[in-house]
>>> print(open('start_31.txt').read())   # compact mmCIF, C-alpha atoms and all ligand atoms
# COMPACT_ATOMS: atom_id res chain seq x y z
CA MET A 1 72.24 93.97 125.71
CA ILE A 2 72.39 96.21 122.70
CA MET A 3 75.25 98.67 122.40
CA ASP A 4 74.85 101.89 120.50
CA LYS A 5 77.46 102.79 117.87
CA GLU A 6 79.27 105.32 120.03
CA THR A 7 79.63 103.00 123.05
CA HIS A 8 80.80 100.22 120.73
CA LYS A 9 83.44 102.49 119.18
CA LYS A 10 84.67 103.53 122.65
CA TYR A 11 84.84 99.92 123.81
CA ILE A 12 86.93 98.94 120.78
CA SER A 13 89.26 101.94 120.91
CA HIS A 14 89.90 101.37 124.62
CA HIS A 15 90.98 97.81 123.76
CA GLU A 16 93.11 98.85 120.75
CA GLU A 17 94.75 101.80 122.51
CA HIS A 18 96.87 99.79 124.93
CA LEU A 19 98.04 97.49 122.10
CA LYS A 20 99.45 100.30 119.95
CA ASP A 21 103.08 100.03 121.03
CA LYS A 22 103.13 96.25 121.53
CA GLY A 23 105.12 93.74 119.51
CA ILE A 24 103.71 91.93 116.49
CA GLY A 25 103.17 88.66 118.42
CA THR A 26 100.98 90.42 121.00
CA LYS A 27 99.13 92.30 118.26
CA LEU A 28 98.47 89.10 116.30
CA ILE A 29 96.90 87.48 119.36
CA HIS A 30 94.91 90.48 120.65
CA CYS A 31 94.23 93.18 118.04
CA GLY A 32 90.66 93.15 116.70
CA GLN A 33 89.90 90.33 119.12
CA GLU A 34 88.48 92.04 122.22
CA PRO A 35 85.95 89.87 124.12
CA ASP A 36 82.45 90.34 122.85
CA ILE A 37 80.58 92.66 125.22
CA VAL A 38 77.55 90.40 125.75
CA ASN A 39 79.11 87.00 126.45
CA GLY A 40 82.81 87.75 126.79
CA THR A 41 83.79 85.31 124.02
CA VAL A 42 87.60 85.03 124.00
CA VAL A 43 87.50 83.81 120.39
CA VAL A 44 85.89 85.99 117.71
CA PRO A 45 82.50 84.37 116.91
CA ILE A 46 81.52 83.34 113.39
CA SER A 47 78.59 85.57 112.53
CA LEU A 48 76.54 84.02 109.74
CA SER A 49 73.55 86.36 109.50
CA THR A 50 73.31 87.83 106.00
CA THR A 51 71.03 90.65 107.10
CA TYR A 52 70.54 92.81 110.19
CA ALA A 53 67.39 94.00 111.95
CA GLN A 54 66.59 97.71 111.92
CA HIS A 55 64.83 99.77 114.61
CA SER A 56 63.13 101.89 112.02
CA PRO A 57 63.73 102.22 108.26
CA GLY A 58 67.36 103.20 107.65
CA THR A 59 68.35 102.79 111.33
CA PRO A 60 69.95 99.40 111.93
CA TYR A 61 70.69 98.23 115.51
CA GLY A 62 74.44 98.44 115.00
CA VAL A 63 76.88 99.25 112.19
CA PHE A 64 75.81 96.50 109.76
CA ASP A 65 72.89 96.28 107.38
CA TYR A 66 73.74 93.56 104.83
CA SER A 67 76.57 91.05 104.92
CA ARG A 68 78.15 91.73 101.52
CA CYS A 69 78.81 95.29 102.71
CA GLY A 70 80.09 94.37 106.15
CA ASN A 71 79.98 91.57 108.70
CA PRO A 72 81.07 91.36 112.38
CA THR A 73 83.60 88.53 111.92
CA ARG A 74 85.13 90.30 108.91
CA GLU A 75 85.26 93.60 110.81
CA HIS A 76 87.33 91.99 113.60
CA LEU A 77 89.72 90.54 111.00
CA GLU A 78 90.09 93.85 109.15
CA ARG A 79 91.09 95.63 112.35
CA LEU A 80 93.68 92.93 113.01
CA LEU A 81 95.09 93.29 109.48
CA CYS A 82 95.30 97.09 109.90
CA ALA A 83 97.23 96.67 113.15
CA ILE A 84 99.87 94.32 111.71
CA SER A 85 100.16 96.16 108.37
CA LYS A 86 100.55 99.53 110.15
CA GLY A 87 97.68 101.01 108.17
CA GLU A 88 94.37 102.69 108.87
CA HIS A 89 91.88 101.06 106.53
CA CYS A 90 91.48 97.47 105.36
CA ILE A 91 89.18 95.72 102.90
CA THR A 92 89.14 91.92 102.67
CA PHE A 93 88.18 89.82 99.65
CA SER A 94 87.37 86.23 98.70
CA SER A 95 90.86 85.89 97.13
CA GLY A 96 94.08 87.78 96.49
CA CYS A 97 93.06 88.13 92.84
CA ALA A 98 89.78 89.80 93.86
CA ALA A 99 91.80 92.39 95.85
CA THR A 100 94.05 92.97 92.81
CA ASN A 101 91.03 93.33 90.54
CA CYS A 102 89.42 95.88 92.87
CA ILE A 103 92.52 98.09 92.58
CA ALA A 104 92.72 97.68 88.80
CA GLN A 105 89.08 98.88 88.60
CA LEU A 106 90.16 102.25 90.03
CA ILE A 107 91.93 103.20 86.82
CA PRO A 108 89.80 105.04 84.25
CA SER A 109 89.93 103.76 80.70
CA GLY A 110 92.52 105.25 78.34
CA ASN A 111 95.26 105.40 81.00
CA GLU A 112 98.33 103.30 81.78
CA ILE A 113 99.56 100.90 84.45
CA ILE A 114 103.28 100.22 84.91
CA CYS A 115 103.97 96.80 86.40
CA ILE A 116 107.11 94.91 87.41
CA ASP A 117 107.97 92.34 84.74
CA ASP A 118 107.98 89.05 86.63
CA VAL A 119 104.82 89.74 88.59
CA TYR A 120 102.63 86.90 89.95
CA GLY A 121 101.09 84.90 87.07
CA GLY A 122 97.49 85.59 88.13
CA THR A 123 98.14 89.34 88.25
CA GLN A 124 99.79 89.18 84.85
CA ARG A 125 96.81 87.31 83.38
CA LEU A 126 94.31 89.78 84.87
CA LEU A 127 96.19 92.82 83.58
CA ARG A 128 97.12 91.44 80.15
CA ARG A 129 94.00 89.50 79.24
CA VAL A 130 91.15 91.24 81.07
CA VAL A 131 92.00 94.80 82.13
CA ASN A 132 93.99 95.74 79.02
CA PRO A 133 91.52 94.65 76.32
CA ASN A 134 88.26 95.31 78.24
CA SER A 135 89.12 98.64 79.80
CA ASN A 136 91.51 100.00 77.18
CA ILE A 137 94.29 100.45 79.73
CA LYS A 138 97.85 100.29 78.45
CA MET A 139 100.03 97.82 80.32
CA THR A 140 103.78 98.32 80.52
CA PHE A 141 105.84 95.53 82.10
CA THR A 142 109.37 96.47 83.16
CA PRO A 143 112.21 95.38 85.43
CA MET A 144 112.56 97.72 88.42
CA ASP A 145 116.22 97.12 89.33
CA ASP A 146 117.24 100.34 87.59
CA LEU A 147 114.88 103.08 88.74
CA ASN A 148 115.98 105.33 85.87
CA VAL A 149 114.20 102.91 83.57
CA VAL A 150 111.00 103.33 85.58
CA LYS A 151 111.49 107.12 85.61
CA GLY A 152 111.79 107.12 81.82
CA LEU A 153 108.46 105.31 81.48
CA LEU A 154 106.39 107.70 83.60
CA ASN A 155 104.05 109.91 81.59
CA GLU A 156 100.81 111.87 82.00
CA LYS A 157 98.74 108.70 81.44
CA THR A 158 100.48 106.74 84.20
CA LYS A 159 98.00 106.21 87.03
CA LEU A 160 99.36 103.16 88.84
CA VAL A 161 102.71 101.49 89.50
CA TRP A 162 102.43 97.87 90.64
CA LEU A 163 105.24 95.88 92.15
CA GLU A 164 106.10 92.75 94.01
CA SER A 165 109.21 92.46 96.10
CA PRO A 166 110.70 89.89 96.07
CA THR A 167 109.46 88.59 92.74
CA ASN A 168 108.44 85.09 91.82
CA PRO A 169 110.36 82.82 91.29
CA THR A 170 113.68 84.64 90.83
CA LEU A 171 113.47 86.70 94.07
CA LYS A 172 114.48 90.08 92.72
CA MET A 173 113.92 92.94 95.17
CA THR A 174 112.97 96.56 94.44
CA ASP A 175 114.19 99.53 96.46
CA ILE A 176 110.70 100.60 97.50
CA PRO A 177 111.62 103.89 99.29
CA GLU A 178 113.66 105.02 96.24
CA LEU A 179 110.88 104.00 93.85
CA VAL A 180 108.39 106.05 95.90
CA LYS A 181 110.72 109.07 95.62
CA VAL A 182 111.07 108.73 91.86
CA VAL A 183 107.36 108.23 91.17
CA LYS A 184 105.96 110.78 93.65
CA GLU A 185 108.46 113.43 92.52
CA TYR A 186 107.13 113.02 89.00
CA ASN A 187 103.46 113.08 90.08
CA LYS A 188 102.25 112.54 93.63
CA ASP A 189 98.86 111.31 92.37
CA ILE A 190 100.29 108.18 90.75
CA LEU A 191 99.31 105.28 93.00
CA ILE A 192 101.98 102.83 94.13
CA VAL A 193 100.82 99.35 95.11
CA VAL A 194 102.99 96.64 96.63
CA ASP A 195 101.96 92.99 96.64
CA ASN A 196 103.60 91.91 99.91
CA THR A 197 102.49 88.26 99.80
CA PHE A 198 106.02 86.79 99.67
CA LEU A 199 107.20 88.62 102.79
CA SER A 200 104.06 89.04 104.94
CA PRO A 201 103.76 91.86 107.48
CA TYR A 202 105.99 89.87 109.83
CA ASN A 203 108.99 90.56 107.59
CA CYS A 204 108.04 93.83 105.90
CA THR A 205 105.40 96.58 106.18
CA PRO A 206 105.65 98.53 102.88
CA LEU A 207 103.21 101.26 104.01
CA ASP A 208 106.15 102.52 106.14
CA PHE A 209 107.88 103.51 102.87
CA GLY A 210 105.08 105.79 101.68
CA ILE A 211 103.32 103.52 99.20
CA ASP A 212 99.55 103.91 98.77
CA ILE A 213 98.17 100.38 99.06
CA VAL A 214 99.59 97.07 100.29
CA VAL A 215 97.99 93.87 98.96
CA GLU A 216 98.27 90.39 100.43
CA SER A 217 97.11 87.03 99.18
CA CYS A 218 96.01 85.84 102.65
CA THR A 219 95.87 82.37 101.11
CA LYS A 220 99.62 82.14 101.72
CA TYR A 221 101.48 83.11 104.94
CA LEU A 222 98.62 84.91 106.67
CA GLY A 223 96.32 81.88 106.60
CA GLY A 224 99.31 79.60 106.84
CA HIS A 225 97.60 76.21 106.74
CA SER A 226 96.59 75.77 103.07
CA ASP A 227 92.91 75.80 104.00
CA VAL A 228 91.58 79.29 103.22
CA THR A 229 91.54 81.43 100.07
CA MET A 230 91.37 85.16 100.83
CA GLY A 231 92.88 88.52 99.92
CA SER A 232 93.25 91.92 101.57
CA LEU A 233 94.30 95.47 100.91
CA VAL A 234 95.36 98.11 103.45
CA THR A 235 95.81 101.85 102.91
CA ASN A 236 96.27 105.00 105.02
CA ASN A 237 94.33 107.17 102.59
CA LEU A 238 90.63 107.47 103.57
CA ASP A 239 89.58 108.95 100.25
CA LEU A 240 91.22 106.08 98.40
CA LYS A 241 89.66 103.56 100.76
CA ASP A 242 86.19 105.00 100.06
CA LYS A 243 86.74 104.61 96.30
CA LEU A 244 87.98 101.04 96.76
CA TYR A 245 85.13 100.16 99.10
CA LEU A 246 82.56 101.36 96.56
CA ILE A 247 84.08 98.99 93.99
CA ALA A 248 84.36 96.15 96.52
CA LYS A 249 80.76 96.28 97.72
CA SER A 250 79.43 96.81 94.20
CA SER A 251 81.37 93.93 92.64
CA GLY A 252 80.78 91.57 95.54
CA GLY A 253 83.96 89.52 95.99
CA CYS A 254 83.60 89.47 99.78
CA PRO A 255 84.98 86.67 101.97
CA SER A 256 82.76 84.28 103.94
CA PRO A 257 82.49 84.69 107.73
CA PHE A 258 83.90 81.19 108.17
CA ASP A 259 86.98 82.05 106.09
CA CYS A 260 87.42 85.24 108.15
CA PHE A 261 87.35 83.10 111.29
CA LEU A 262 89.95 80.71 109.83
CA LEU A 263 92.19 83.61 108.91
CA ILE A 264 92.01 85.12 112.42
CA ARG A 265 92.86 81.68 113.79
CA GLY A 266 95.80 81.29 111.41
CA LEU A 267 97.11 84.80 112.11
CA LYS A 268 97.49 84.10 115.83
CA THR A 269 100.63 82.10 115.03
CA LEU A 270 102.01 84.13 112.10
CA HIS A 271 105.02 85.30 114.15
CA LEU A 272 105.85 81.77 115.30
CA ARG A 273 105.53 80.32 111.82
CA MET A 274 107.48 83.09 110.13
CA GLU A 275 110.30 82.91 112.64
CA ARG A 276 110.61 79.20 111.94
CA ILE A 277 110.18 79.59 108.17
CA ASN A 278 112.82 82.37 108.02
CA SER A 279 115.34 80.29 109.95
CA ASN A 280 114.61 77.04 108.09
CA SER A 281 114.86 78.82 104.73
CA ILE A 282 118.28 80.37 105.25
CA LYS A 283 119.57 76.92 106.22
CA VAL A 284 118.03 75.39 103.09
CA ALA A 285 119.60 78.17 100.98
CA GLU A 286 123.00 77.61 102.58
CA PHE A 287 122.76 73.85 102.08
CA LEU A 288 121.88 74.28 98.40
CA SER A 289 124.63 76.89 97.88
CA SER A 290 127.28 74.48 99.08
CA HIS A 291 125.98 71.48 97.12
CA PRO A 292 128.04 70.43 94.06
CA LYS A 293 124.93 69.55 92.03
CA VAL A 294 123.43 73.05 92.38
CA GLU A 295 124.40 75.67 89.83
CA LYS A 296 122.77 78.75 91.38
CA VAL A 297 120.67 79.66 94.40
CA TYR A 298 118.26 82.59 94.56
CA TYR A 299 117.64 83.79 98.13
CA PRO A 300 118.17 87.40 99.30
CA GLY A 301 118.92 86.15 102.82
CA LEU A 302 122.29 84.80 101.56
CA GLU A 303 125.14 87.26 102.05
CA LYS A 304 126.39 86.73 98.50
CA ASP A 305 122.95 87.35 96.97
CA PRO A 306 122.83 90.56 94.87
CA TYR A 307 119.71 91.70 96.78
CA HIS A 308 121.10 91.05 100.27
CA ASN A 309 121.65 94.70 101.23
CA LEU A 310 118.26 95.68 99.90
CA MET A 311 116.68 92.89 101.90
CA LYS A 312 118.32 94.23 105.06
CA LYS A 313 116.92 97.68 104.26
CA LEU A 314 113.36 96.46 103.60
CA CYS A 315 112.83 93.55 106.00
CA HIS A 316 112.60 94.74 109.62
CA SER A 317 112.61 91.14 110.91
CA GLY A 318 115.95 90.38 109.25
CA GLY A 319 114.26 87.44 107.48
CA VAL A 320 112.98 87.21 103.92
CA GLY A 321 110.43 84.37 103.96
CA GLY A 322 110.26 80.81 102.74
CA ILE A 323 110.77 80.92 98.97
CA VAL A 324 114.17 79.58 97.92
CA SER A 325 114.79 78.99 94.23
CA ALA A 326 117.63 77.03 92.62
CA LYS A 327 119.01 75.97 89.28
CA LEU A 328 120.24 72.37 89.32
CA LYS A 329 123.14 70.99 87.27
CA THR A 330 120.98 68.65 85.26
CA ASP A 331 118.33 68.50 82.50
CA MET A 332 114.53 68.17 82.56
CA GLU A 333 114.68 64.43 83.22
CA GLY A 334 117.09 64.80 86.16
CA THR A 335 115.04 67.64 87.62
CA ILE A 336 111.86 65.59 87.55
CA LYS A 337 113.68 62.63 89.12
CA PHE A 338 114.94 64.95 91.88
CA ILE A 339 111.45 66.34 92.53
CA LYS A 340 109.90 62.88 92.66
CA SER A 341 112.52 61.63 95.12
CA LEU A 342 111.55 64.22 97.73
CA LYS A 343 109.33 62.94 100.52
CA ILE A 344 108.89 65.93 102.86
CA PHE A 345 108.46 68.49 100.06
CA CYS A 346 105.06 67.96 98.43
CA LEU A 347 104.87 68.72 94.71
CA ALA A 348 102.23 71.45 94.56
CA GLU A 349 101.75 75.08 93.58
CA SER A 350 101.33 77.78 96.27
CA LEU A 351 103.44 78.68 99.30
CA GLY A 352 103.25 80.07 102.78
CA ALA A 353 101.80 77.21 104.79
CA VAL A 354 103.31 75.03 107.50
CA GLU A 355 104.28 72.27 105.06
CA CYS A 356 107.20 72.30 102.59
CA LEU A 357 106.20 72.43 98.94
CA ILE A 358 108.19 72.20 95.72
CA ASP A 359 107.21 73.76 92.41
CA HIS A 360 108.63 73.25 88.92
CA PRO A 361 107.91 76.71 87.44
CA ALA A 362 108.63 75.79 83.79
CA THR A 363 105.78 73.25 83.75
CA MET A 364 103.60 74.46 86.64
CA THR A 365 103.26 78.07 87.93
CA HIS A 366 104.97 79.66 84.94
CA GLY A 367 103.91 77.17 82.26
CA SER A 368 101.86 79.82 80.46
CA VAL A 369 104.80 82.26 80.20
CA PRO A 370 106.19 82.01 76.62
CA PRO A 371 109.49 79.96 76.53
CA GLU A 372 111.59 82.96 75.35
CA GLU A 373 110.23 85.10 78.20
CA ARG A 374 110.93 82.28 80.65
CA LYS A 375 114.49 81.97 79.37
CA LYS A 376 115.01 85.72 79.76
CA LEU A 377 113.91 85.43 83.39
CA GLY A 378 116.22 82.44 83.92
CA ILE A 379 113.40 79.93 84.46
CA GLU A 380 114.88 76.93 82.69
CA ASP A 381 113.93 73.24 82.88
CA SER A 382 116.36 72.71 85.77
CA PHE A 383 114.88 75.56 87.81
CA VAL A 384 113.04 74.56 91.00
CA ARG A 385 111.22 76.67 93.60
CA PHE A 386 111.08 75.50 97.20
CA ALA A 387 108.45 76.85 99.62
CA VAL A 388 110.00 76.01 102.97
CA GLY A 389 107.66 75.09 105.82
CA CYS A 390 107.86 74.60 109.59
CA GLU A 391 109.11 70.99 109.76
CA ASP A 392 112.34 70.08 111.61
CA ILE A 393 115.29 71.43 109.69
CA LYS A 394 117.31 68.23 110.02
CA ASP A 395 114.52 66.29 108.28
CA ILE A 396 114.20 68.92 105.54
CA ILE A 397 117.94 68.83 104.83
CA PHE A 398 117.97 65.03 104.93
CA ASP A 399 115.15 64.99 102.36
CA LEU A 400 117.10 67.31 100.04
CA GLU A 401 120.35 65.37 100.52
CA PHE A 402 118.62 62.10 99.66
CA ALA A 403 117.00 63.49 96.51
CA MET A 404 120.29 65.07 95.38
CA LYS A 405 121.86 61.62 95.41
CA GLU A 406 119.22 60.51 92.88
CA LEU A 407 120.31 63.24 90.48
C1 LIG A 501 98.84 83.62 95.32
C2 LIG A 501 99.24 85.00 95.00
C3 LIG A 501 98.31 85.94 94.57
C4 LIG A 501 96.85 85.61 94.31
O1 LIG A 501 96.17 85.24 95.47
P1 LIG A 501 94.93 84.22 95.46
O2 LIG A 501 94.53 84.21 96.90
O3 LIG A 501 95.42 82.91 94.95
O4 LIG A 501 93.89 84.80 94.57
C5 LIG A 501 98.75 87.24 94.32
N1 LIG A 501 100.05 87.57 94.47
C6 LIG A 501 100.96 86.69 94.87
C7 LIG A 501 102.39 87.12 95.00
C8 LIG A 501 100.61 85.37 95.15
O5 LIG A 501 101.55 84.49 95.53
>>> encode(input="start_31.txt", output="structure tokens")
Amino acid sequence: MIMDKETHKKYISHHEEHLKDKGIGTKLIHCGQEPDIVNGTVVVPISLSTTYAQHSPGTPYGVFDYSRCGNPTREHLERLLCAISKGEHCITFSSGCAATNCIAQLIPSGNEIICIDDVYGGTQRLLRRVVNPNSNIKMTFTPMDDLNVVKGLLNEKTKLVWLESPTNPTLKMTDIPELVKVVKEYNKDILIVVDNTFLSPYNCTPLDFGIDIVVESCTKYLGGHSDVTMGSLVTNNLDLKDKLYLIAKSSGGCPSPFDCFLLIRGLKTLHLRMERINSNSIKVAEFLSSHPKVEKVYYPGLEKDPYHNLMKKLCHSGGVGGIVSAKLKTDMEGTIKFIKSLKIFCLAESLGAVECLIDHPATMTHGSVPPEERKKLGIEDSFVRFAVGCEDIKDIIFDLEFAMKEL
């Protein structure tokens, strides 16, 4: 059976309509995943065809003509991402960095991008070493704690404000609704982008605050199993989406149908994983805070954390994700001994999956940040970043307790 475009649209909107006011768990399991009309597949099929037959020149059977520009498996996933991000339009990419690059390509040469100072290393590298020299775009990196500082930087060349909240690895949060006010009052055409990777849509949906585009590295919480590299962006602005889509299909960083399938599969349990990760992480943060060998803990979920009130304002779930950072009362040697004594926490970069990971930013994720910059951000040799997973909390705490004894 072949369905014409209009019937297909009606079939989909009928399915999506009754899910509109449902909770995120129901949305994750059903949105974008209606049974296929021909065979009633309950699971979204992996559609590998790179090209699509046409009835007559320029009239394809359905909505697709060539797989770089659009693919059935990807289309299901993009509708699911729209539903959980509370946005209208989604574009997916082969990585988070490809999504970031697509947005950077929007900015005409000779203009300026303002970016939060301790932004993700890959974003920093793209903006500093590729976009800035190749496209003649001025890059200004700034803290965003004091919005008057941001206000003072805005000028007629500013086209884009880029932020991450919380930041990596020191978990600073930005008052997104206030930032939107400040920037849009100055010039409503300045785009505001939030990289929401550290929170995921389960904890926070920044489009609610009036930003223009939300970006996710789906490689982290959305995939959730350390087995797929993907990125996405979601916006409510159709005109902006058309501009972004032109760049996306022209530059070609599209995801594979198999990766789209894996992401849909991972997303079905995002709510279960995040609930567990949020609750495990606050317990890890509390354990570390009360430990005599820990100098400082960074986790906005802790009541004493300077960003706790902001976290309550921004995170509708009441949780703030699985990244907990800490400064230990020791030197480089002691820190390495501690890391090597852990058995549940695997020493590896990345975050967001079911397993606990530990990162030593000074030598790993932030090794390329100049030492003075690192010091300014507080990333010393004794600084460690935990990415808490879904294991049993008693085993996680036992692992930490054991390794602390080796300090
Ligand atoms: C990992 C990450 C990215 C980049 O995503 P990739 O999928 O690795 O390209 C961007 N932003 C943040 C905050 C990340 O953690």
>>> residues_near_ligand(input="start_31.txt", ligand="ligand LIG 501 (chain A)", cutoff="6 Å", atoms="only C-alpha atoms and all ligand atoms", output="PDB file with C-alpha atoms, keeping the file's coordinate frame")
ATOM      1  CA  SER A  95      90.860  85.890  97.130  1.00  0.00           C
ATOM      2  CA  GLY A  96      94.080  87.780  96.490  1.00  0.00           C
ATOM      3  CA  CYS A  97      93.060  88.130  92.840  1.00  0.00           C
ATOM      4  CA  TYR A 120     102.630  86.900  89.950  1.00  0.00           C
ATOM      5  CA  THR A 197     102.490  88.260  99.800  1.00  0.00           C
ATOM      6  CA  PHE A 198     106.020  86.790  99.670  1.00  0.00           C
ATOM      7  CA  SER A 217      97.110  87.030  99.180  1.00  0.00           C
ATOM      8  CA  THR A 219      95.870  82.370 101.110  1.00  0.00           C
ATOM      9  CA  THR A 229      91.540  81.430 100.070  1.00  0.00           C
ATOM     10  CA  MET A 230      91.370  85.160 100.830  1.00  0.00           C
ATOM     11  CA  GLY A 231      92.880  88.520  99.920  1.00  0.00           C
TER      12      GLY A 231
END
>>> closest_residue(input="start_31.txt", among="A:Val320, A:Ala53, A:Met274, A:Leu80", to="Tyr307 of chain A", atoms="only C-alpha atoms")
A:Val320
>>> axis_aligned_box(input="start_31.txt", around="segment 333-341 of chain A", padding_each_side="4 Å", output="lines of an AutoDock Vina configuration file")
center_x = 113.5
center_y = 64.6
center_z = 89.2
size_x = 15.2
size_y = 14.0
size_z = 19.9
>>> closest_residue(input="start_31.txt", among="A:Ser226, A:Thr269, A:Thr205, A:Ser290", to="Cys82 of chain A", atoms="only C-alpha atoms")
A:Thr205
>>> atom_distance(input="start_31.txt", atom1="atom CA of Leu270 of chain A", atom2="atom CA of Gly121 of chain A")
25.1 Å
>>> closest_residue(input="start_31.txt", among="A:Gly210, A:Gly110, A:Gly152, A:Gly62", to="Gly87 of chain A", atoms="only C-alpha atoms")
A:Gly210
>>> residues_around(input="start_31.txt", residues="Thr73 of chain A", least_positions_apart="3", cutoff="12 Å", atoms="all atoms listed in the file", output="ChimeraX atom specification")
/A:32-34,36,43-50,64,67,70,76-80,92,255-265
>>> residues_around(input="start_31.txt", residues="Lys138 of chain A", least_positions_apart="3", cutoff="7 Å", atoms="all atoms listed in the file", output="ChimeraX atom specification")
/A:111-113,132
>>> decode(input="start_31.txt", residues="segment 147-170 of chain A", atoms="C-alpha atoms", output="PDB file, in the first residue's frame")
ATOM      1  CA  LEU A 147      24.757  39.464  33.132  1.00  0.00           C
ATOM      2  CA  ASN A 148      25.906  43.099  33.186  1.00  0.00           C
ATOM      3  CA  VAL A 149      29.206  41.850  31.824  1.00  0.00           C
ATOM      4  CA  VAL A 150      27.387  40.171  28.935  1.00  0.00           C
ATOM      5  CA  LYS A 151      25.291  43.311  28.394  1.00  0.00           C
ATOM      6  CA  GLY A 152      28.457  45.400  28.158  1.00  0.00           C
ATOM      7  CA  LEU A 153      29.827  43.144  25.416  1.00  0.00           C
ATOM      8  CA  LEU A 154      26.815  43.305  23.097  1.00  0.00           C
ATOM      9  CA  ASN A 155      27.376  45.426  19.993  1.00  0.00           C
ATOM     10  CA  GLU A 156      26.068  45.795  16.439  1.00  0.00           C
ATOM     11  CA  LYS A 157      28.322  42.951  15.234  1.00  0.00           C
ATOM     12  CA  THR A 158      27.020  40.455  17.796  1.00  0.00           C
ATOM     13  CA  LYS A 159      25.008  37.809  15.960  1.00  0.00           C
ATOM     14  CA  LEU A 160      25.103  34.836  18.325  1.00  0.00           C
ATOM     15  CA  VAL A 161      25.352  34.164  22.061  1.00  0.00           C
ATOM     16  CA  TRP A 162      26.378  30.593  22.914  1.00  0.00           C
ATOM     17  CA  LEU A 163      26.104  29.054  26.335  1.00  0.00           C
ATOM     18  CA  GLU A 164      26.217  25.845  28.250  1.00  0.00           C
ATOM     19  CA  SER A 165      24.517  25.441  31.581  1.00  0.00           C
ATOM     20  CA  PRO A 166      25.893  23.857  33.682  1.00  0.00           C
ATOM     21  CA  THR A 167      29.434  24.210  32.387  1.00  0.00           C
ATOM     22  CA  ASN A 168      32.136  21.597  32.229  1.00  0.00           C
ATOM     23  CA  PRO A 169      33.754  20.645  34.587  1.00  0.00           C
ATOM     24  CA  THR A 170      33.049  23.333  37.209  1.00  0.00           C
TER      25      THR A 170
END
